[in-house]
Amino acid sequence: GLLPALKQARDTLRENGLRKVRMLPRGAVVHAIATQLGFDGVSGFGLDGLSLDLGHFDALRPRDDAAEVPPGYWPVRLLPERQPFRCLSEPFKAIDLTFDQDPDEMPEISEHKAEIELVVTAAGFLNAVVFWFTLECGCAEATHVSSAPPFISLARDKPSCGWKQAACYLREPCSVERGDTVVTILTVTEMSIRFDLARIERVERCSFHEACRRASPLTKLPELGVN
């Protein structure tokens with residue numbers, strides 16, 4: 001993994017008293033997005049137009065204890081023709097690391113946990129958080145390399161590097177509605193990145209009759225006299 005290699009490089013630099021050095025990559029950013037992965041509602045996928053329902057294969061996707069089998073994520077390629085998916089949130093920055101600094105100032109790399117809140121932008125079945133990385137290898141954007149999917153601006157109009165994205169399947173997938181707030185727990189170690197579902201804060205909804213009851217009454221118009 002990249003982090004253990006950088007840790008070894010940092011320790012070697014410290015032992016040899018070296019200070020004026022440059023690290024490549026200079027930094028790394030991990031972005032992620034709440035996602036529905038599956039064949040639900042997709043027919044003939046990858047079967048040359050044959051009308052076959054592949055939705056039954058979704059039952060084989062990892063969940064419960066199987067979702068956390070090391071390393072805790074699976075390779076996916078977010079392309080409609082390769083992996084049916086639905087984005088359920090906006091992409092968000094999960095991790096931002098800087099490697100190009102004084103060795104004495106480089107933080108210790110150990111387990112780190114953080115809560116991240118996401119606002120659901122589309123209704124669907126939340127069963128995974130998909131993430132990708134961007135490495136900063138120089139000062140200009142042209143020197144950035146990324147495993148972002150094609151619909152992300154950084155990856156547009158650039159040749160594919162062949163890298164896939166990584167999917168963290170959730171232990172307990174669930175249905176979400178637009179406006180819900182999903183709270184995830186991000187766990188980062190030297191060898192893995194893992195997203196887990198902490199809770200969902202549902203947006204308040206009411207029935208049609210309740211909405212009518214709560215609505216402001218119509219303003220009564222003044223009576224018009226007729227001469």
# chains A, B, ... in the order shown; residues from 1 in each chain; ligands from 1
>>> residues_around(residues="Cys87 (chain A)", least_positions_apart="5", cutoff="9 Å", atoms="only C-alpha atoms", output="CSV table (one decimal) with all heavy atoms, in the first residue's frame")
chain,number,residue,atom,x,y,z
A,33,ILE,N,-18.8,8.8,-3.0
A,33,ILE,CA,-20.2,9.1,-3.4
A,33,ILE,C,-21.1,8.0,-2.9
A,33,ILE,O,-20.7,6.8,-3.0
A,33,ILE,CB,-20.3,9.4,-4.9
A,33,ILE,CG1,-21.7,10.0,-5.2
A,33,ILE,CG2,-20.1,8.1,-5.7
A,33,ILE,CD1,-21.8,10.5,-6.7
A,34,ALA,N,-22.2,8.3,-2.3
A,34,ALA,CA,-23.2,7.3,-1.9
A,34,ALA,C,-23.9,6.8,-3.2
A,34,ALA,O,-24.2,7.6,-4.1
A,34,ALA,CB,-24.3,7.9,-1.0
A,35,THR,N,-24.0,5.5,-3.3
A,35,THR,CA,-24.4,4.8,-4.6
A,35,THR,C,-25.3,3.7,-4.4
A,35,THR,O,-25.3,3.0,-3.4
A,35,THR,CB,-23.1,4.3,-5.3
A,35,THR,OG1,-22.1,5.3,-5.2
A,35,THR,CG2,-23.4,3.9,-6.7
A,36,GLN,N,-26.1,3.5,-5.4
A,36,GLN,CA,-26.9,2.2,-5.5
A,36,GLN,C,-26.2,1.4,-6.6
A,36,GLN,O,-26.2,1.9,-7.8
A,36,GLN,CB,-28.4,2.5,-5.9
A,36,GLN,CG,-29.1,1.2,-6.2
A,36,GLN,CD,-30.6,1.5,-6.6
A,36,GLN,OE1,-31.1,2.5,-6.2
A,36,GLN,NE2,-31.2,0.6,-7.3
A,37,LEU,N,-25.7,0.3,-6.3
A,37,LEU,CA,-25.1,-0.6,-7.3
A,37,LEU,C,-26.0,-1.8,-7.5
A,37,LEU,O,-26.4,-2.4,-6.5
A,37,LEU,CB,-23.7,-1.1,-6.8
A,37,LEU,CG,-22.6,-0.1,-6.6
A,37,LEU,CD1,-21.3,-0.7,-6.0
A,37,LEU,CD2,-22.3,0.6,-7.9
A,121,THR,N,-29.5,13.1,-2.7
A,121,THR,CA,-30.0,13.9,-3.9
A,121,THR,C,-30.9,13.2,-4.8
A,121,THR,O,-31.5,13.8,-5.6
A,121,THR,CB,-28.8,14.4,-4.7
A,121,THR,OG1,-28.0,13.2,-5.1
A,121,THR,CG2,-27.9,15.3,-3.8
A,122,ALA,N,-31.1,11.8,-4.6
A,122,ALA,CA,-32.0,11.1,-5.4
A,122,ALA,C,-32.5,9.9,-4.7
A,122,ALA,O,-31.7,9.2,-3.9
A,122,ALA,CB,-31.3,10.6,-6.7
A,124,GLY,N,-33.4,6.1,-3.8
A,124,GLY,CA,-32.8,4.8,-4.3
A,124,GLY,C,-32.6,3.9,-3.2
A,124,GLY,O,-33.0,4.1,-2.0
>>> residues_around(residues="Glu115 (chain A)", least_positions_apart="4", cutoff="10 Å", atoms="only C-alpha atoms", output="list of chain:residue names")
A:Ala94, A:Val183, A:Thr184, A:Ile185, A:Leu186, A:Thr187, A:Phe195, A:Asp196, A:Leu197, A:Ala198
>>> write_last_selection(atoms="all heavy atoms", output="short mmCIF file (atom, residue, chain, number, x, y, z; two decimals), in the first residue's frame")
data_model
loop_
_atom_site.label_atom_id
_atom_site.label_comp_id
_atom_site.auth_asym_id
_atom_site.auth_seq_id
_atom_site.Cartn_x
_atom_site.Cartn_y
_atom_site.Cartn_z
N ALA A 94 -13.36 12.95 1.20
CA ALA A 94 -13.30 12.15 2.42
C ALA A 94 -11.95 12.28 3.12
O ALA A 94 -11.89 12.33 4.36
CB ALA A 94 -13.57 10.68 2.10
N VAL A 183 -25.52 9.56 7.62
CA VAL A 183 -24.32 9.74 8.42
C VAL A 183 -23.47 8.49 8.29
O VAL A 183 -23.89 7.40 8.67
CB VAL A 183 -24.65 10.02 9.90
CG1 VAL A 183 -23.36 10.25 10.69
CG2 VAL A 183 -25.57 11.22 10.02
N THR A 184 -22.28 8.63 7.71
CA THR A 184 -21.37 7.49 7.52
C THR A 184 -20.17 7.63 8.46
O THR A 184 -19.81 8.73 8.87
CB THR A 184 -20.86 7.42 6.08
OG1 THR A 184 -20.08 8.58 5.79
CG2 THR A 184 -22.01 7.34 5.10
N ILE A 185 -19.58 6.49 8.79
CA ILE A 185 -18.36 6.46 9.58
C ILE A 185 -17.21 6.06 8.66
O ILE A 185 -17.23 4.99 8.07
CB ILE A 185 -18.47 5.48 10.75
CG1 ILE A 185 -19.58 5.92 11.71
CG2 ILE A 185 -17.14 5.41 11.51
CD1 ILE A 185 -19.79 4.96 12.87
N LEU A 186 -16.25 6.95 8.52
CA LEU A 186 -15.06 6.68 7.72
C LEU A 186 -13.96 6.15 8.63
O LEU A 186 -13.64 6.77 9.64
CB LEU A 186 -14.60 7.96 7.03
CG LEU A 186 -13.20 7.94 6.40
CD1 LEU A 186 -13.15 6.94 5.25
CD2 LEU A 186 -12.82 9.34 5.93
N THR A 187 -13.40 5.01 8.28
CA THR A 187 -12.28 4.43 9.02
C THR A 187 -11.10 4.29 8.07
O THR A 187 -11.21 3.66 7.02
CB THR A 187 -12.64 3.05 9.60
OG1 THR A 187 -13.79 3.16 10.43
CG2 THR A 187 -11.48 2.49 10.43
N PHE A 195 -16.05 2.66 4.67
CA PHE A 195 -17.21 3.47 5.01
C PHE A 195 -18.30 2.56 5.57
O PHE A 195 -18.58 1.50 5.01
CB PHE A 195 -17.76 4.19 3.77
CG PHE A 195 -16.87 5.26 3.23
CD1 PHE A 195 -15.89 4.97 2.28
CD2 PHE A 195 -17.01 6.57 3.65
CE1 PHE A 195 -15.08 5.96 1.77
CE2 PHE A 195 -16.19 7.57 3.14
CZ PHE A 195 -15.23 7.27 2.20
N ASP A 196 -18.90 2.97 6.68
CA ASP A 196 -20.00 2.23 7.27
C ASP A 196 -21.15 3.19 7.57
O ASP A 196 -20.92 4.39 7.80
CB ASP A 196 -19.57 1.52 8.56
CG ASP A 196 -18.59 0.39 8.29
OD1 ASP A 196 -19.01 -0.62 7.69
OD2 ASP A 196 -17.41 0.53 8.66
N LEU A 197 -22.35 2.65 7.58
CA LEU A 197 -23.53 3.46 7.83
C LEU A 197 -23.76 3.58 9.33
O LEU A 197 -23.88 2.57 10.04
CB LEU A 197 -24.75 2.83 7.16
CG LEU A 197 -26.08 3.56 7.31
CD1 LEU A 197 -26.00 4.93 6.67
CD2 LEU A 197 -27.21 2.75 6.68
N ALA A 198 -23.81 4.83 9.82
CA ALA A 198 -24.07 5.07 11.25
C ALA A 198 -25.57 5.23 11.50
O ALA A 198 -26.15 4.56 12.34
CB ALA A 198 -23.31 6.30 11.73
#
>>> residues_around(residues="region 59-67 of chain A", least_positions_apart="6", cutoff="8 Å", atoms="only C-alpha atoms", output="list in words")
Tyr73, Cys168, Tyr169, Leu170, Arg171, Glu172 and Pro173 of chain A
>>> residues_around(residues="Cys137 (chain A)", least_positions_apart="6", cutoff="7 Å", atoms="only C-alpha atoms", output="JSON, numbers by chain")
{"A": [24, 25, 26, 143, 144]}
>>> residues_around(residues="Thr134 (chain A)", least_positions_apart="3", cutoff="6 Å", atoms="only C-alpha atoms", output="PyMOL selection string")
chain A and resi 28-29+145-146
>>> residues_around(residues="Cys174 (chain A)", least_positions_apart="2", cutoff="8 Å", atoms="only C-alpha atoms", output="MDAnalysis selection string")
chainID A and resid 125:127 172 176
>>> residues_around(residues="Arg77 (chain A)", least_positions_apart="4", cutoff="7 Å", atoms="only C-alpha atoms", output="PyMOL selection string")
chain A and resi 82-83+164-165
>>> decode(residues="region 165-182 of chain A", atoms="N, CA, C and O atoms", output="mmCIF file, in the first residue's frame")
data_model
loop_
_atom_site.group_PDB
_atom_site.id
_atom_site.type_symbol
_atom_site.label_atom_id
_atom_site.label_comp_id
_atom_site.auth_asym_id
_atom_site.auth_seq_id
_atom_site.Cartn_x
_atom_site.Cartn_y
_atom_site.Cartn_z
ATOM 1 N N GLN A 165 -12.670 2.101 -9.595
ATOM 2 C CA GLN A 165 -13.008 2.683 -8.317
ATOM 3 C C GLN A 165 -13.182 1.546 -7.301
ATOM 4 O O GLN A 165 -13.114 0.376 -7.653
ATOM 5 N N ALA A 166 -13.394 1.904 -6.046
ATOM 6 C CA ALA A 166 -13.558 0.900 -4.984
ATOM 7 C C ALA A 166 -14.917 1.087 -4.328
ATOM 8 O O ALA A 166 -15.324 2.221 -4.044
ATOM 9 N N ALA A 167 -15.622 -0.013 -4.108
ATOM 10 C CA ALA A 167 -16.961 0.038 -3.510
ATOM 11 C C ALA A 167 -16.937 -0.582 -2.120
ATOM 12 O O ALA A 167 -16.544 -1.739 -1.966
ATOM 13 N N CYS A 168 -17.337 0.204 -1.139
ATOM 14 C CA CYS A 168 -17.563 -0.318 0.216
ATOM 15 C C CYS A 168 -19.044 -0.662 0.326
ATOM 16 O O CYS A 168 -19.891 0.235 0.423
ATOM 17 N N TYR A 169 -19.374 -1.942 0.285
ATOM 18 C CA TYR A 169 -20.759 -2.340 0.472
ATOM 19 C C TYR A 169 -21.127 -2.195 1.944
ATOM 20 O O TYR A 169 -20.314 -2.446 2.838
ATOM 21 N N LEU A 170 -22.362 -1.770 2.202
ATOM 22 C CA LEU A 170 -22.823 -1.537 3.563
ATOM 23 C C LEU A 170 -23.360 -2.819 4.188
ATOM 24 O O LEU A 170 -23.941 -3.658 3.489
ATOM 25 N N ARG A 171 -23.167 -2.949 5.487
ATOM 26 C CA ARG A 171 -23.691 -4.118 6.199
ATOM 27 C C ARG A 171 -25.210 -4.184 6.099
ATOM 28 O O ARG A 171 -25.782 -5.260 5.909
ATOM 29 N N GLU A 172 -25.858 -3.041 6.229
ATOM 30 C CA GLU A 172 -27.316 -2.997 6.220
ATOM 31 C C GLU A 172 -27.791 -1.975 5.195
ATOM 32 O O GLU A 172 -28.066 -0.824 5.528
ATOM 33 N N PRO A 173 -27.873 -2.379 3.928
ATOM 34 C CA PRO A 173 -28.359 -1.445 2.905
ATOM 35 C C PRO A 173 -29.809 -1.063 3.176
ATOM 36 O O PRO A 173 -30.557 -1.808 3.828
ATOM 37 N N CYS A 174 -30.220 0.100 2.687
ATOM 38 C CA CYS A 174 -31.573 0.576 2.970
ATOM 39 C C CYS A 174 -32.024 1.538 1.889
ATOM 40 O O CYS A 174 -31.216 2.079 1.129
ATOM 41 N N SER A 175 -33.328 1.756 1.831
ATOM 42 C CA SER A 175 -33.899 2.713 0.891
ATOM 43 C C SER A 175 -33.789 4.116 1.468
ATOM 44 O O SER A 175 -33.943 4.312 2.678
ATOM 45 N N VAL A 176 -33.512 5.079 0.604
ATOM 46 C CA VAL A 176 -33.401 6.473 1.021
ATOM 47 C C VAL A 176 -34.230 7.327 0.085
ATOM 48 O O VAL A 176 -34.515 6.944 -1.048
ATOM 49 N N GLU A 177 -34.615 8.500 0.585
ATOM 50 C CA GLU A 177 -35.384 9.447 -0.201
ATOM 51 C C GLU A 177 -34.613 10.754 -0.327
ATOM 52 O O GLU A 177 -33.756 11.070 0.504
ATOM 53 N N ARG A 178 -34.920 11.486 -1.368
ATOM 54 C CA ARG A 178 -34.280 12.781 -1.580
ATOM 55 C C ARG A 178 -34.486 13.670 -0.353
ATOM 56 O O ARG A 178 -35.604 13.787 0.159
ATOM 57 N N GLY A 179 -33.419 14.278 0.131
ATOM 58 C CA GLY A 179 -33.493 15.143 1.298
ATOM 59 C C GLY A 179 -33.080 14.480 2.586
ATOM 60 O O GLY A 179 -32.808 15.168 3.575
ATOM 61 N N ASP A 180 -33.038 13.134 2.624
ATOM 62 C CA ASP A 180 -32.556 12.440 3.818
ATOM 63 C C ASP A 180 -31.093 12.789 4.064
ATOM 64 O O ASP A 180 -30.351 13.121 3.129
ATOM 65 N N THR A 181 -30.673 12.686 5.318
ATOM 66 C CA THR A 181 -29.267 12.877 5.667
ATOM 67 C C THR A 181 -28.685 11.537 6.089
ATOM 68 O O THR A 181 -29.196 10.897 7.013
ATOM 69 N N VAL A 182 -27.655 11.100 5.406
ATOM 70 C CA VAL A 182 -26.978 9.846 5.709
ATOM 71 C C VAL A 182 -25.696 10.164 6.470
ATOM 72 O O VAL A 182 -24.876 10.955 6.006
#
